>>> print(open('run.json').read())   # JSON, C-alpha atoms (C1' of nucleotides)
[["chain", "number", "residue", "atom", "x", "y", "z"],
["J", 1, "MET", "CA", 20.02, -3.28, 0.86],
["J", 2, "ARG", "CA", 16.92, -3.22, 3.04],
["J", 3, "ILE", "CA", 13.81, -1.97, 1.26],
["J", 4, "ALA", "CA", 10.39, -1.56, 2.85],
["J", 5, "THR", "CA", 6.86, -0.42, 2.04],
["J", 6, "TRP", "CA", 4.26, 0.97, 4.42],
["J", 7, "ASN", "CA", 0.82, 2.45, 3.92],
["J", 8, "VAL", "CA", 0.83, 4.85, 6.88],
["J", 9, "ASN", "CA", -2.78, 6.15, 6.55],
["J", 10, "SER", "CA", -1.89, 9.84, 7.05],
["J", 11, "LEU", "CA", 1.74, 10.79, 7.58],
["J", 12, "LYS", "CA", 0.57, 13.75, 9.67],
["J", 13, "ALA", "CA", -1.16, 11.45, 12.14],
["J", 14, "ARG", "CA", 1.59, 8.80, 11.90],
["J", 15, "LEU", "CA", 4.87, 10.77, 11.83],
["J", 16, "PRO", "CA", 5.95, 9.84, 15.39],
["J", 17, "ARG", "CA", 5.27, 6.16, 14.68],
["J", 18, "VAL", "CA", 7.09, 6.35, 11.33],
["J", 19, "GLU", "CA", 10.13, 8.06, 12.85],
["J", 20, "GLU", "CA", 10.24, 5.50, 15.62],
["J", 21, "TRP", "CA", 9.93, 2.62, 13.18],
["J", 22, "ILE", "CA", 12.66, 3.93, 10.86],
["J", 23, "ALA", "CA", 15.08, 4.23, 13.78],
["J", 24, "TYR", "CA", 14.23, 0.67, 14.80],
["J", 25, "ALA", "CA", 14.01, -1.10, 11.44],
["J", 26, "GLN", "CA", 16.80, 0.84, 9.67],
["J", 27, "PRO", "CA", 15.52, 0.52, 6.10],
["J", 28, "ASP", "CA", 17.81, 1.79, 3.34],
["J", 29, "VAL", "CA", 14.76, 2.65, 1.26],
["J", 30, "LEU", "CA", 11.20, 3.15, 2.54],
["J", 31, "CYS", "CA", 8.22, 3.55, 0.23],
["J", 32, "ILE", "CA", 5.22, 5.25, 1.86],
["J", 33, "GLN", "CA", 1.62, 5.36, 0.71],
["J", 34, "GLU", "CA", -1.35, 7.43, 1.82],
["J", 35, "THR", "CA", 0.63, 10.37, 3.16],
["J", 36, "LYS", "CA", -2.55, 12.45, 2.78],
["J", 37, "LEU", "CA", -0.37, 15.55, 2.55],
["J", 38, "ALA", "CA", 0.31, 18.34, 0.09],
["J", 39, "ASP", "CA", 3.95, 18.54, -1.00],
["J", 40, "LYS", "CA", 4.48, 21.72, 1.01],
["J", 41, "ALA", "CA", 3.38, 19.89, 4.18],
["J", 42, "PHE", "CA", 5.66, 16.87, 3.67],
["J", 43, "PRO", "CA", 8.03, 16.60, 6.68],
["J", 44, "ALA", "CA", 11.27, 16.24, 4.70],
["J", 45, "MET", "CA", 13.31, 17.74, 7.55],
["J", 46, "ALA", "CA", 12.15, 15.07, 9.99],
["J", 47, "PHE", "CA", 13.51, 12.43, 7.62],
["J", 48, "SER", "CA", 16.73, 14.25, 6.75],
["J", 49, "ALA", "CA", 17.38, 14.39, 10.51],
["J", 50, "LEU", "CA", 17.31, 10.59, 10.43],
["J", 51, "GLY", "CA", 19.70, 10.49, 7.48],
["J", 52, "TYR", "CA", 17.22, 10.08, 4.63],
["J", 53, "GLU", "CA", 16.72, 11.97, 1.42],
["J", 54, "SER", "CA", 13.11, 11.93, 0.29],
["J", 55, "ALA", "CA", 10.78, 12.52, -2.64],
["J", 56, "HIS", "CA", 7.05, 13.08, -2.25],
["J", 57, "HIS", "CA", 4.19, 13.14, -4.73],
["J", 58, "GLY", "CA", 1.35, 14.63, -2.75],
["J", 59, "GLN", "CA", -2.20, 15.65, -3.40],
["J", 60, "GLY", "CA", -3.50, 16.91, -0.08],
["J", 61, "GLN", "CA", -6.43, 15.30, 1.60],
["J", 62, "TRP", "CA", -6.16, 11.88, -0.06],
["J", 63, "ASN", "CA", -3.56, 9.50, -1.48],
["J", 64, "GLY", "CA", 0.05, 10.72, -1.65],
["J", 65, "VAL", "CA", 3.17, 8.55, -2.12],
["J", 66, "ALA", "CA", 6.80, 8.99, -1.10],
["J", 67, "ILE", "CA", 10.23, 7.40, -1.26],
["J", 68, "LEU", "CA", 12.81, 7.80, 1.51],
["J", 69, "SER", "CA", 16.39, 6.69, 0.89],
["J", 70, "ARG", "CA", 19.72, 6.77, 2.67],
["J", 71, "VAL", "CA", 21.51, 5.23, -0.33],
["J", 72, "GLY", "CA", 20.83, 8.01, -2.83],
["J", 73, "ILE", "CA", 17.70, 9.11, -4.66],
["J", 74, "GLU", "CA", 17.99, 10.07, -8.33],
["J", 75, "ASP", "CA", 15.82, 10.58, -11.41],
["J", 76, "VAL", "CA", 12.59, 11.12, -9.48],
["J", 77, "THR", "CA", 9.40, 10.94, -11.53],
["J", 78, "SER", "CA", 5.74, 11.22, -10.53],
["J", 79, "GLY", "CA", 2.74, 9.49, -12.09],
["J", 80, "PHE", "CA", 2.79, 7.67, -15.41],
["J", 81, "GLY", "CA", 3.99, 10.58, -17.54],
["J", 82, "ASP", "CA", 2.21, 12.51, -20.26],
["J", 83, "ALA", "CA", 2.12, 9.62, -22.73],
["J", 84, "PHE", "CA", -0.32, 7.66, -20.54],
["J", 85, "ILE", "CA", -3.87, 8.62, -19.66],
["J", 86, "ASP", "CA", -4.41, 7.98, -15.95],
["J", 87, "PRO", "CA", -7.96, 6.73, -15.19],
["J", 88, "TYR", "CA", -7.51, 8.42, -11.80],
["J", 89, "GLU", "CA", -6.02, 11.62, -13.20],
["J", 90, "GLY", "CA", -5.26, 14.04, -10.38],
["J", 91, "ASP", "CA", -4.67, 11.33, -7.78],
["J", 92, "ALA", "CA", -1.11, 11.05, -6.42],
["J", 93, "ARG", "CA", -0.52, 7.30, -6.62],
["J", 94, "VAL", "CA", 2.92, 6.69, -8.19],
["J", 95, "ILE", "CA", 6.42, 7.99, -7.54],
["J", 96, "SER", "CA", 9.69, 6.51, -8.81],
["J", 97, "ALA", "CA", 13.36, 7.00, -8.09],
["J", 98, "THR", "CA", 16.69, 5.26, -8.55],
["J", 99, "CYS", "CA", 18.29, 4.27, -5.25],
["J", 100, "ASN", "CA", 21.67, 2.52, -5.18],
["J", 101, "GLY", "CA", 21.21, 1.57, -8.84],
["J", 102, "VAL", "CA", 17.78, 0.02, -8.29],
["J", 103, "ARG", "CA", 14.71, 1.59, -9.88],
["J", 104, "VAL", "CA", 12.16, 1.88, -7.07],
["J", 105, "VAL", "CA", 8.45, 2.53, -7.65],
["J", 106, "SER", "CA", 6.10, 3.35, -4.76],
["J", 107, "VAL", "CA", 2.49, 2.65, -5.75],
["J", 108, "TYR", "CA", -0.91, 3.15, -4.16],
["J", 109, "VAL", "CA", -3.39, 1.24, -6.29],
["J", 110, "PRO", "CA", -7.01, 2.52, -6.26],
["J", 111, "ASN", "CA", -9.27, 0.70, -3.81],
["J", 112, "GLY", "CA", -12.12, -0.21, -6.13],
["J", 113, "ARG", "CA", -14.78, 0.17, -3.43],
["J", 114, "GLU", "CA", -17.60, -2.09, -4.67],
["J", 115, "VAL", "CA", -18.02, -4.80, -7.29],
["J", 116, "PRO", "CA", -19.42, -3.79, -9.68],
["J", 117, "SER", "CA", -18.90, -0.06, -9.69],
["J", 118, "GLU", "CA", -17.36, 2.67, -11.79],
["J", 119, "PHE", "CA", -14.52, 2.80, -9.25],
["J", 120, "TYR", "CA", -13.82, -0.92, -9.67],
["J", 121, "ASP", "CA", -13.73, -0.56, -13.46],
["J", 122, "ARG", "CA", -11.30, 2.33, -13.14],
["J", 123, "LYS", "CA", -9.13, 0.31, -10.76],
["J", 124, "LEU", "CA", -8.76, -2.35, -13.46],
["J", 125, "ALA", "CA", -8.09, 0.34, -16.07],
["J", 126, "TRP", "CA", -5.46, 1.83, -13.74],
["J", 127, "PHE", "CA", -3.77, -1.57, -13.52],
["J", 128, "ASP", "CA", -3.76, -1.73, -17.35],
["J", 129, "ARG", "CA", -2.04, 1.65, -17.42],
["J", 130, "LEU", "CA", 0.49, 0.53, -14.80],
["J", 131, "SER", "CA", 1.42, -2.52, -16.87],
["J", 132, "GLU", "CA", 1.64, -0.48, -20.09],
["J", 133, "TRP", "CA", 3.77, 2.17, -18.40],
["J", 134, "ILE", "CA", 6.17, -0.40, -16.96],
["J", 135, "ALA", "CA", 6.48, -2.22, -20.27],
["J", 136, "ALA", "CA", 7.17, 1.06, -22.07],
["J", 137, "THR", "CA", 9.70, 2.49, -19.62],
["J", 138, "CYS", "CA", 11.46, -0.58, -18.16],
["J", 139, "THR", "CA", 12.75, -3.96, -19.24],
["J", 140, "PRO", "CA", 12.66, -7.22, -17.26],
["J", 141, "SER", "CA", 16.47, -7.21, -17.18],
["J", 142, "ASP", "CA", 16.46, -3.95, -15.17],
["J", 143, "GLN", "CA", 17.01, -3.88, -11.44],
["J", 144, "LEU", "CA", 13.43, -2.86, -10.69],
["J", 145, "VAL", "CA", 11.23, -3.06, -7.57],
["J", 146, "ILE", "CA", 7.59, -2.00, -7.57],
["J", 147, "LEU", "CA", 6.24, -1.97, -4.07],
["J", 148, "GLY", "CA", 3.27, -0.58, -2.22],
["J", 149, "ASP", "CA", -0.39, -1.04, -1.46],
["J", 150, "PHE", "CA", -1.76, -3.00, -4.44],
["J", 151, "ASN", "CA", -5.23, -3.40, -2.92],
["J", 152, "VAL", "CA", -5.26, -6.97, -4.24],
["J", 153, "ALA", "CA", -4.73, -10.21, -2.33],
["J", 154, "PRO", "CA", -2.97, -12.36, -4.96],
["J", 155, "GLU", "CA", -4.21, -15.74, -3.70],
["J", 156, "ASP", "CA", -6.95, -17.19, -1.51],
["J", 157, "ARG", "CA", -4.34, -17.95, 1.18],
["J", 158, "ASP", "CA", -3.61, -14.21, 1.39],
["J", 159, "VAL", "CA", -6.95, -13.48, 3.10],
["J", 160, "TRP", "CA", -8.31, -14.73, 6.41],
["J", 161, "SER", "CA", -11.54, -16.08, 4.94],
["J", 162, "MET", "CA", -12.51, -16.34, 1.30],
["J", 163, "ASP", "CA", -16.14, -16.77, 2.31],
["J", 164, "SER", "CA", -16.19, -13.30, 3.84],
["J", 165, "PHE", "CA", -14.66, -11.75, 0.72],
["J", 166, "GLU", "CA", -16.81, -13.58, -1.81],
["J", 167, "GLY", "CA", -17.94, -11.11, -4.43],
["J", 168, "SER", "CA", -16.04, -8.16, -2.97],
["J", 169, "THR", "CA", -13.08, -6.21, -4.24],
["J", 170, "HIS", "CA", -9.40, -7.21, -3.63],
["J", 171, "VAL", "CA", -9.92, -10.89, -4.51],
["J", 172, "THR", "CA", -11.72, -10.92, -7.86],
["J", 173, "THR", "CA", -10.33, -12.77, -10.87],
["J", 174, "PRO", "CA", -9.73, -9.61, -12.94],
["J", 175, "GLU", "CA", -7.81, -7.96, -10.08],
["J", 176, "ARG", "CA", -5.67, -11.04, -9.60],
["J", 177, "ALA", "CA", -5.15, -11.23, -13.37],
["J", 178, "ALA", "CA", -3.67, -7.72, -13.18],
["J", 179, "ILE", "CA", -1.06, -9.01, -10.70],
["J", 180, "THR", "CA", -0.44, -12.07, -12.87],
["J", 181, "ARG", "CA", 0.13, -9.79, -15.86],
["J", 182, "LEU", "CA", 2.88, -7.97, -13.97],
["J", 183, "LYS", "CA", 4.45, -11.30, -13.01],
["J", 184, "GLU", "CA", 4.30, -12.55, -16.60],
["J", 185, "TRP", "CA", 6.10, -9.41, -17.72],
["J", 186, "GLY", "CA", 8.98, -10.27, -15.39],
["J", 187, "LEU", "CA", 8.17, -9.30, -11.82],
["J", 188, "GLU", "CA", 8.22, -11.71, -8.90],
["J", 189, "ASP", "CA", 6.50, -11.56, -5.51],
["J", 190, "ALA", "CA", 9.75, -11.12, -3.54],
["J", 191, "PHE", "CA", 8.08, -11.77, -0.19],
["J", 192, "ARG", "CA", 6.99, -15.21, -1.40],
["J", 193, "ARG", "CA", 10.62, -16.03, -2.21],
["J", 194, "ILE", "CA", 11.15, -16.25, 1.58],
["J", 195, "TYR", "CA", 7.72, -17.61, 2.56],
["J", 196, "PRO", "CA", 6.63, -19.88, -0.34],
["J", 197, "ASP", "CA", 4.52, -22.19, 1.82],
["J", 198, "ILE", "CA", 3.25, -20.07, 4.71],
["J", 199, "ASP", "CA", -0.39, -19.07, 4.36],
["J", 200, "HIS", "CA", -2.29, -16.24, 6.04],
["J", 201, "LEU", "CA", 0.55, -13.77, 6.27],
["J", 202, "TYR", "CA", -1.18, -10.39, 6.30],
["J", 203, "SER", "CA", -0.13, -6.77, 5.91],
["J", 204, "TYR", "CA", -3.51, -5.07, 6.42],
["J", 205, "TRP", "CA", -6.25, -5.39, 9.01],
["J", 206, "ASP", "CA", -9.41, -3.26, 9.05],
["J", 207, "TYR", "CA", -9.64, -0.98, 12.09],
["J", 208, "ARG", "CA", -13.20, -2.18, 12.72],
["J", 209, "ARG", "CA", -14.47, -5.20, 14.62],
["J", 210, "GLY", "CA", -11.11, -5.77, 16.27],
["J", 211, "ASP", "CA", -9.94, -7.39, 13.05],
["J", 212, "PHE", "CA", -6.24, -7.20, 13.95],
["J", 213, "HIS", "CA", -6.62, -9.00, 17.25],
["J", 214, "GLN", "CA", -9.01, -11.48, 15.66],
["J", 215, "GLY", "CA", -6.44, -12.29, 12.97],
["J", 216, "ARG", "CA", -8.74, -11.13, 10.16],
["J", 217, "GLY", "CA", -6.32, -9.62, 7.66],
["J", 218, "MET", "CA", -5.21, -9.53, 4.05],
["J", 219, "ARG", "CA", -1.84, -9.50, 2.28],
["J", 220, "ILE", "CA", -2.27, -6.60, -0.10],
["J", 221, "ASP", "CA", 1.06, -4.79, 0.36],
["J", 222, "LEU", "CA", 3.42, -6.38, -2.12],
["J", 223, "VAL", "CA", 7.06, -6.19, -3.18],
["J", 224, "LEU", "CA", 7.35, -7.08, -6.86],
["J", 225, "ALA", "CA", 10.90, -7.35, -8.18],
["J", 226, "THR", "CA", 12.63, -8.31, -11.41],
["J", 227, "ALA", "CA", 14.82, -11.42, -11.37],
["J", 228, "SER", "CA", 18.08, -9.50, -10.95],
["J", 229, "VAL", "CA", 16.71, -8.26, -7.61],
["J", 230, "ALA", "CA", 14.45, -11.16, -6.55],
["J", 231, "ASN", "CA", 17.27, -13.68, -7.02],
["J", 232, "HIS", "CA", 19.20, -11.92, -4.25],
["J", 233, "VAL", "CA", 16.47, -11.65, -1.60],
["J", 234, "THR", "CA", 17.87, -12.98, 1.68],
["J", 235, "TRP", "CA", 15.16, -12.15, 4.24],
["J", 236, "ALA", "CA", 11.66, -10.70, 4.48],
["J", 237, "LEU", "CA", 9.16, -9.77, 7.16],
["J", 238, "VAL", "CA", 5.80, -8.20, 7.82],
["J", 239, "ASP", "CA", 6.42, -6.18, 10.98],
["J", 240, "ARG", "CA", 3.16, -6.85, 12.79],
["J", 241, "ASN", "CA", 4.46, -5.04, 15.88],
["J", 242, "ALA", "CA", 4.01, -1.78, 13.95],
["J", 243, "ARG", "CA", 0.27, -2.53, 13.77],
["J", 244, "LYS", "CA", 0.05, -2.65, 17.57],
["J", 245, "GLY", "CA", 0.11, 0.04, 20.25],
["J", 246, "THR", "CA", -0.96, 3.67, 20.15],
["J", 247, "GLN", "CA", -2.46, 5.08, 16.95],
["J", 248, "PRO", "CA", -1.25, 2.43, 14.52],
["J", 249, "SER", "CA", -1.83, 2.53, 10.78],
["J", 250, "ASP", "CA", -4.22, -0.15, 9.53],
["J", 251, "HIS", "CA", -1.25, -1.52, 7.52],
["J", 252, "ALA", "CA", 2.00, -3.07, 8.75],
["J", 253, "PRO", "CA", 5.34, -2.42, 7.00],
["J", 254, "VAL", "CA", 6.68, -5.12, 4.67],
["J", 255, "ILE", "CA", 10.48, -5.46, 4.63],
["J", 256, "VAL", "CA", 12.72, -7.25, 2.14],
["J", 257, "ASP", "CA", 16.50, -7.57, 2.37],
["J", 258, "ILE", "CA", 18.39, -7.85, -0.91],
["J", 259, "ASN", "CA", 22.07, -8.80, -1.14],
["J", 260, "LEU", "CA", 23.14, -6.58, -4.04],
["R", 261, "DA", "C1'", -27.10, -7.99, 14.91],
["R", 262, "DT", "C1'", -26.41, -5.85, 7.53],
["R", 263, "DG", "C1'", -22.72, -3.80, 12.43],
["R", 264, "DG", "C1'", -17.62, -1.70, 13.28],
["R", 265, "DT", "C1'", -13.03, 2.57, 13.44],
["R", 266, "DA", "C1'", -9.87, 5.97, 11.99],
["R", 267, "DG", "C1'", -8.66, 10.06, 9.38],
["R", 268, "DC", "C1'", -9.83, 13.69, 6.46],
["R", 269, "DC", "C1'", -12.44, 18.29, 6.65],
["R", 270, "DC", "C1'", -17.45, 20.28, 7.35],
["R", 271, "DT", "C1'", -20.32, 16.34, 9.93],
["R", 272, "DG", "C1'", -20.32, 13.03, 5.03],
["R", 273, "DC", "C1'", -16.69, 10.81, 2.49],
["R", 274, "DT", "C1'", -12.96, 7.37, 2.00],
["R", 275, "DA", "C1'", -10.89, 3.32, 3.34]]
>>> encode(input="run.json", output="structure tokens")
Amino acid sequence: MRIATWNVNSLKARLPRVEEWIAYAQPDVLCIQETKLADKAFPAMAFSALGYESAHHGQGQWNGVAILSRVGIEDVTSGFGDAFIDPYEGDARVISATCNGVRVVSVYVPNGREVPSEFYDRKLAWFDRLSEWIAATCTPSDQLVILGDFNVAPEDRDVWSMDSFEGSTHVTTPERAAITRLKEWGLEDAFRRIYPDIDHLYSYWDYRRGDFHQGRGMRIDLVLATASVANHVTWALVDRNARKGTQPSDHAPVIVDINL
DNA sequence: ATGGTAGCCCTGCTA
């Protein structure tokens, strides 16, 4: 089972690139973030033509998450559910579905903007809600994968220069503690299973300053999996080629193969 | 040099 995550930064602007990439990479499941579309504008037909069922949780101008699957898509849910107060209520940032027996969650974690700021505080509160929701609705023995744009670089080696990020969002101790909390619950960084010792593997490069070609990136798109999934990871890749060429997203897709 | 670009929809906001 090949599962991938990609923040496409507008599915309307990126649809030709996404279609091309799906045909090339052949994921069984693709989680998308930042569709920036209302549900009625989601191009489900374009994906069904490629053999994928899809589920979209859209908002319109901002955010928006989706799951595409060619191995079934069941029990779709959006958001955290009524029992949990979302600090970013109204934002479309979470969608879940069961694909080939695996519970798949596509997440777009709030950016946080500045440290300190109200937005940063709410990002941390959102992470609290994510952890509480997972603990309440899943168990570590489940086949569970939470993947998407976490807007956190888990370690210093996941950014091109710690000096340049000193005091800014994505690398602070509380943000990293939120990732650690998910790991302590029972999720593993599946990408690191394949690349335990390779530093400076990035999934996001700012459009500005020629950051991509200068190698100034961050690894903020993560695949977090429970042991029953992570133990069977056979291969992983950040497809940097998808960040090149005409009208790329500022993120590259992250792919993980699981022998289930 | 306190910058830069891309995408959204009113040309400022978000990333």
>>> residues_around(input="run.json", residues="Glu166 of chain J", least_positions_apart="6", cutoff="12 Å", atoms="all atoms listed in the file", output="short mmCIF file (atom, residue, chain, number, x, y, z; two decimals) with C-alpha atoms, in the frame of the given file")
data_model
loop_
_atom_site.label_atom_id
_atom_site.label_comp_id
_atom_site.auth_asym_id
_atom_site.auth_seq_id
_atom_site.Cartn_x
_atom_site.Cartn_y
_atom_site.Cartn_z
CA GLU J 114 -17.60 -2.09 -4.67
CA VAL J 115 -18.02 -4.80 -7.29
CA ASP J 156 -6.95 -17.19 -1.51
CA VAL J 159 -6.95 -13.48 3.10
CA TRP J 160 -8.31 -14.73 6.41
CA THR J 172 -11.72 -10.92 -7.86
CA THR J 173 -10.33 -12.77 -10.87
#
>>> closest_residue(input="run.json", among="J:Asp199, J:Glu20, J:Glu34, J:Asp128", to="chain R", atoms="only C-alpha atoms (C1' of nucleotides)")
J:Glu34
>>> residues_around(input="run.json", residues="segment 211-227 of chain J", least_positions_apart="6", cutoff="6 Å", atoms="only C-alpha atoms (C1' of nucleotides)", output="tab-separated table (two decimals) with C-alpha atoms, in the coordinates of the input")
chain	number	residue	atom	x	y	z
J	140	PRO	CA	12.66	-7.22	-17.26
J	144	LEU	CA	13.43	-2.86	-10.69
J	145	VAL	CA	11.23	-3.06	-7.57
J	146	ILE	CA	7.59	-2.00	-7.57
J	147	LEU	CA	6.24	-1.97	-4.07
J	148	GLY	CA	3.27	-0.58	-2.22
J	149	ASP	CA	-0.39	-1.04	-1.46
J	150	PHE	CA	-1.76	-3.00	-4.44
J	151	ASN	CA	-5.23	-3.40	-2.92
J	152	VAL	CA	-5.26	-6.97	-4.24
J	153	ALA	CA	-4.73	-10.21	-2.33
J	158	ASP	CA	-3.61	-14.21	1.39
J	159	VAL	CA	-6.95	-13.48	3.10
J	160	TRP	CA	-8.31	-14.73	6.41
J	186	GLY	CA	8.98	-10.27	-15.39
J	187	LEU	CA	8.17	-9.30	-11.82
J	188	GLU	CA	8.22	-11.71	-8.90
J	189	ASP	CA	6.50	-11.56	-5.51
J	190	ALA	CA	9.75	-11.12	-3.54
J	202	TYR	CA	-1.18	-10.39	6.30
J	203	SER	CA	-0.13	-6.77	5.91
J	204	TYR	CA	-3.51	-5.07	6.42
J	205	TRP	CA	-6.25	-5.39	9.01
>>> atom_distance(input="run.json", atom1="atom CA of Gly167 of chain J", atom2="atom CA of Pro116 of chain J")
9.1 Å
>>> residues_around(input="run.json", residues="Arg193 of chain J", least_positions_apart="2", cutoff="9 Å", atoms="all atoms listed in the file", output="mmCIF file with C-alpha atoms, in the frame of the given file")
data_model
loop_
_atom_site.group_PDB
_atom_site.id
_atom_site.type_symbol
_atom_site.label_atom_id
_atom_site.label_comp_id
_atom_site.auth_asym_id
_atom_site.auth_seq_id
_atom_site.Cartn_x
_atom_site.Cartn_y
_atom_site.Cartn_z
ATOM 1 C CA GLU J 188 8.220 -11.710 -8.900
ATOM 2 C CA ASP J 189 6.500 -11.560 -5.510
ATOM 3 C CA ALA J 190 9.750 -11.120 -3.540
ATOM 4 C CA PHE J 191 8.080 -11.770 -0.190
ATOM 5 C CA TYR J 195 7.720 -17.610 2.560
ATOM 6 C CA PRO J 196 6.630 -19.880 -0.340
ATOM 7 C CA ALA J 230 14.450 -11.160 -6.550
ATOM 8 C CA ASN J 231 17.270 -13.680 -7.020
ATOM 9 C CA VAL J 233 16.470 -11.650 -1.600
ATOM 10 C CA THR J 234 17.870 -12.980 1.680
ATOM 11 C CA TRP J 235 15.160 -12.150 4.240
ATOM 12 C CA ALA J 236 11.660 -10.700 4.480
#
